[in-house]
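To keep things clear, I will list the structure first and then write my remarks on it.
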Amino acid sequence: MTDAKQQVLKEVFGFDDFRPGQADIIDTLLAGRSALAVMPTGAGKSLCFQVPALVLGGLTIVVSPLVALMQDQVAALRLAGVEAETINSSRSREDNIASWRRVAAGETRLLYLAPERLMTERMLTALERLDVRLIAVDEAHCISQWGPAFRPEYEDLARLREIFPGVPIAALTATADATTRKDVVERLFGNQAESFVLGFDRPNLQLGVEVKRTWKNQLLAFVQRYESASGIVYCLSRRKTEEAAAFLAENGVKALAYHAGMDKQLRDANQNAFMTDDGVVMVATIAFGMGIDKPDVRFVFHCDLPASVEAYYQEIGRAGRDGQPAEVQMLYGLDDIRMRRVFIEQEDGGDDRRRREHQRLDALIGYCESPSCRRRLLLEYFGETMENCGNCDLCRNPVELSDGTAEGQKILAVIDQTGQRFGVGHIVDILRGTTTEKVTKAGHDRLPGFGAGAEGKKEAWRSFLRQLVAAGFLRLDIAGYGGLGITSKGQALLRGEVPFHYRLDRIATGGGKAVRSRSKAPEQDMTTVQSDLLHKLKELRLRLAKDRGVPAYVIFPDRTLIDMARRQPQTHDEFAEVNGVGAAKLRDFADIFLGEIAGAG
């Protein structure tokens, strides 16, 4: 089996060696045992089931959450000479029937299905009659995080081990904390699986968080540092997505929008432009991105707070997949926290799930308010330890904590005096002694705390309030209108039993260094001739991709073109030695690329 997997790796996919962890996962599946693989983005999860699928023969079922992801993977496999199919709602009935006939005839090695299509009795009954040798569940964290509320069929995948007894199941994800891993192993495998956790660190990503002020200006200042680079901007709502895309476009950025409410044809066109053209910034809701394998995304910018640390990690994982420096930046504020709390309460998953989701959100808020290395805190959440990274905003510009006990007590006193039911703006007005209509109408200008913080600026008091919420001294009334209530920890602060330490917010000046200056690292050691050739090879790849209607990376990833430009092969044998050139691509593309190389010489 070892020789067989090595042979498939070289002949089909064109690689000489497996990446760390891949061989162990593949050996487990080839031995007939199920496996959960948690691997960092870009570590090669797909090969962990694609290689054993080809070694085992028969049919491998791949469960994937998104149509675009399925179609791209099928296109990539077909170009590598692998018989792969997908049956999904975006294709015509005739195309789906033709695909099924090839599957039923035993011509197909890998069949990609969404959980909703797989878990119908009709499909399961039909598949039971076939020679199913392996099942792979991609983005397996969805079993835990989406199952009960959003995609119930993900939870239903637990039936697969009973329907296909003896068939090993591979579950793969880049995003799973210890709770999620335990959940997946319990639900999908009945606790009968080997777990492989290969690390979460992405050292090439520079991490940063900024307090939300004028989000459009903050976004534009950031994006303008990455002229002609590809990036992703995430927004919480569809309306904001379109607003942000239009704003960037008005300011000379090649920005496109993507959300589930758009016309499908336009949405697909925008995604294709992002995948194939250089320098496109995709402004999107979280409907965009899962499985998007574009290697040269130089930044991910969050206009709003994500749902959890897992969601944040999954979303920033789309940056820097080529291993080169990339930057991720997040804006957040109290309104974000309140909205996220509301979403959790509105979910359908039951009290236990809501409790867990609030805890996950608490962890992300703690990450935002961290006074020290963000990467260390992020990895600790996933169970890893490390020293300070030197590549996040807090390592590059350390902050000092100051004693804010007196200020905290002033705030809590005013909240207590007003009955613990008013929001941030009103509390700040009372503290600063501002006589608004709302303040005077409620008689709050006669409170002992009115004007107690007159010397402080509005933004400073808002910062104190946000940090008191983040540290658990205050809670937001998520069922109402964002009113602030005092927790038991807050009562202890009021009584002087515990201190409150705060960090000064930094106001970004836009003068930070863009990682863009280091983003061309793989080409820095190239000669001028090699760099010029690489540019021509990328243009050729883009033309071929557009002719075939596939993303450019499906033809060849950047690392293959870089190796090609360095080696400058002249013959088929030399072309076969290029990293990522398998037998099918040697047959289909050697003459085309060799011609370009010869012409450039």
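A note on labels: chains of the structure tokens are A, B, ... as shown, every chain counts residues from 1, and ligands are counted from 1 in their shown order.
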**Report entry** Shell around Asp3 in chain A at 12 Å using only C-alpha atoms, local window under 4 positions removed, as a ChimeraX atom specification
**Finding:** /A:7-11,23,27,51-52,55
Would you mind exporting C-alpha atoms of the selected residues as a PDB file, in the first residue's frame?
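Just written: out35.pdb:
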```pdb
ATOM      1  CA  GLN A   7       2.951   6.098  -6.970  1.00  0.00           C
ATOM      2  CA  VAL A   8      -0.434   7.858  -7.034  1.00  0.00           C
ATOM      3  CA  LEU A   9       1.101  10.958  -5.460  1.00  0.00           C
ATOM      4  CA  LYS A  10       3.751  11.191  -8.167  1.00  0.00           C
ATOM      5  CA  GLU A  11       1.927   9.967 -11.260  1.00  0.00           C
ATOM      6  CA  ALA A  23       1.006   9.860   4.971  1.00  0.00           C
ATOM      7  CA  ASP A  27      -2.232   4.888   5.952  1.00  0.00           C
ATOM      8  CA  VAL A  51      -4.913   9.502  -2.705  1.00  0.00           C
ATOM      9  CA  PRO A  52      -6.556   6.629  -0.762  1.00  0.00           C
ATOM     10  CA  VAL A  55      -5.410   3.411  -4.237  1.00  0.00           C
TER      11      VAL A  55
END
```
Requested in this report: Within 8 Å of Asn204 in chain A, counting only C-alpha atoms, which residues show up once you throw out same-chain ones fewer than 5 positions away? Write them as a list in words, please.
Outcome: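 Non-adjacent residues within range: Gly320, Gly323, Gln324, Pro325 and Ala326 of chain A.
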Print the selection's residues with N, CA and C atoms to a file, as an mmCIF file, in the first residue's frame.
```cif
data_model
loop_
_atom_site.group_PDB
_atom_site.id
_atom_site.type_symbol
_atom_site.label_atom_id
_atom_site.label_comp_id
_atom_site.auth_asym_id
_atom_site.auth_seq_id
_atom_site.Cartn_x
_atom_site.Cartn_y
_atom_site.Cartn_z
ATOM 1 N N GLY A 320 -2.988 34.169 2.372
ATOM 2 C CA GLY A 320 -1.631 33.638 2.388
ATOM 3 C C GLY A 320 -1.495 32.144 2.259
ATOM 4 N N GLY A 323 1.818 30.528 1.456
ATOM 5 C CA GLY A 323 2.875 30.533 2.457
ATOM 6 C C GLY A 323 3.610 31.851 2.570
ATOM 7 N N GLN A 324 3.244 32.817 1.728
ATOM 8 C CA GLN A 324 3.909 34.118 1.760
ATOM 9 C C GLN A 324 3.169 35.067 2.710
ATOM 10 N N PRO A 325 3.841 36.149 3.146
ATOM 11 C CA PRO A 325 3.230 37.048 4.126
ATOM 12 C C PRO A 325 1.877 37.589 3.675
ATOM 13 N N ALA A 326 0.955 37.648 4.601
ATOM 14 C CA ALA A 326 -0.373 38.204 4.364
ATOM 15 C C ALA A 326 -0.826 38.844 5.667
#
```
Query raised in the report: Within 9 Å of Glu107 in chain A, counting only C-alpha atoms, which residues qualify if same-chain residues fewer than 6 places away don't, as a ChimeraX atom specification?
Result: /A:58-59,83-84,101
Report task. Determine which residues of range 417-578 of chain A DSSP labels as alpha helix (DSSP H) from the backbone of this structure, then write them out as an NGL selection string. Result -> :A and (417 or 424-431 or 437-441 or 458-470 or 488-494 or 521-524 or 528-548 or 552-555 or 558-567 or 572-576)
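For the residues A:Glu437, A:Asp445, A:Asp416, A:Glu357, ranking by smallest atom-to-atom distance to Gly483 in chain A using only C-alpha atoms places A:Asp416 first.
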Requested in this report: For Thr436 in chain A, work out the shell of residues within 10 Å, counting only C-alpha atoms and skipping chain neighbours fewer than 6 positions away, then give it as a PyMOL selection string.
Outcome: chain A and resi 426+429-430+444-445
Save out the residues we just selected, C-alpha atoms, as a PDB file, in the first residue's frame.
```pdb
ATOM      1  CA  HIS A 426     -26.857  57.402  27.421  1.00  0.00           C
ATOM      2  CA  ASP A 429     -23.812  61.371  28.289  1.00  0.00           C
ATOM      3  CA  ILE A 430     -24.566  61.172  32.035  1.00  0.00           C
ATOM      4  CA  HIS A 444     -30.794  61.684  35.115  1.00  0.00           C
ATOM      5  CA  ASP A 445     -29.214  65.139  35.256  1.00  0.00           C
TER       6      ASP A 445
END
```
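Distances here use only C-alpha atoms; by that measure, the residue among A:Leu476, A:Ile163, A:Val399, A:Ile97 closest to Thr125 in chain A is A:Ile163.
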Query raised in the report: Leaving out range 558-560 of chain A and any residue of its chain fewer than 5 positions from it, which residues lie within 8 Å of it when counting only C-alpha atoms, given as a ChimeraX atom specification?
Result: /A:295,322,553,578-581
Report as CSV: every residue of range 328-442 of chain A with an atom at most 7 Å from range 307-319 of chain A, its closest pair of atoms, and their distance in Å to one decimal, counting only C-alpha atoms, with rows sorted by chain and ascending residue number.
```
residue,atom,partner,partner_atom,distance
A:Val328,CA,A:Ile316,CA,6.4
A:Arg340,CA,A:Ala307,CA,6.5
A:Arg360,CA,A:Ser308,CA,5.3
A:Leu361,CA,A:Ser308,CA,4.9
A:Ala363,CA,A:Val309,CA,6.7
A:Leu364,CA,A:Val309,CA,5.1
```
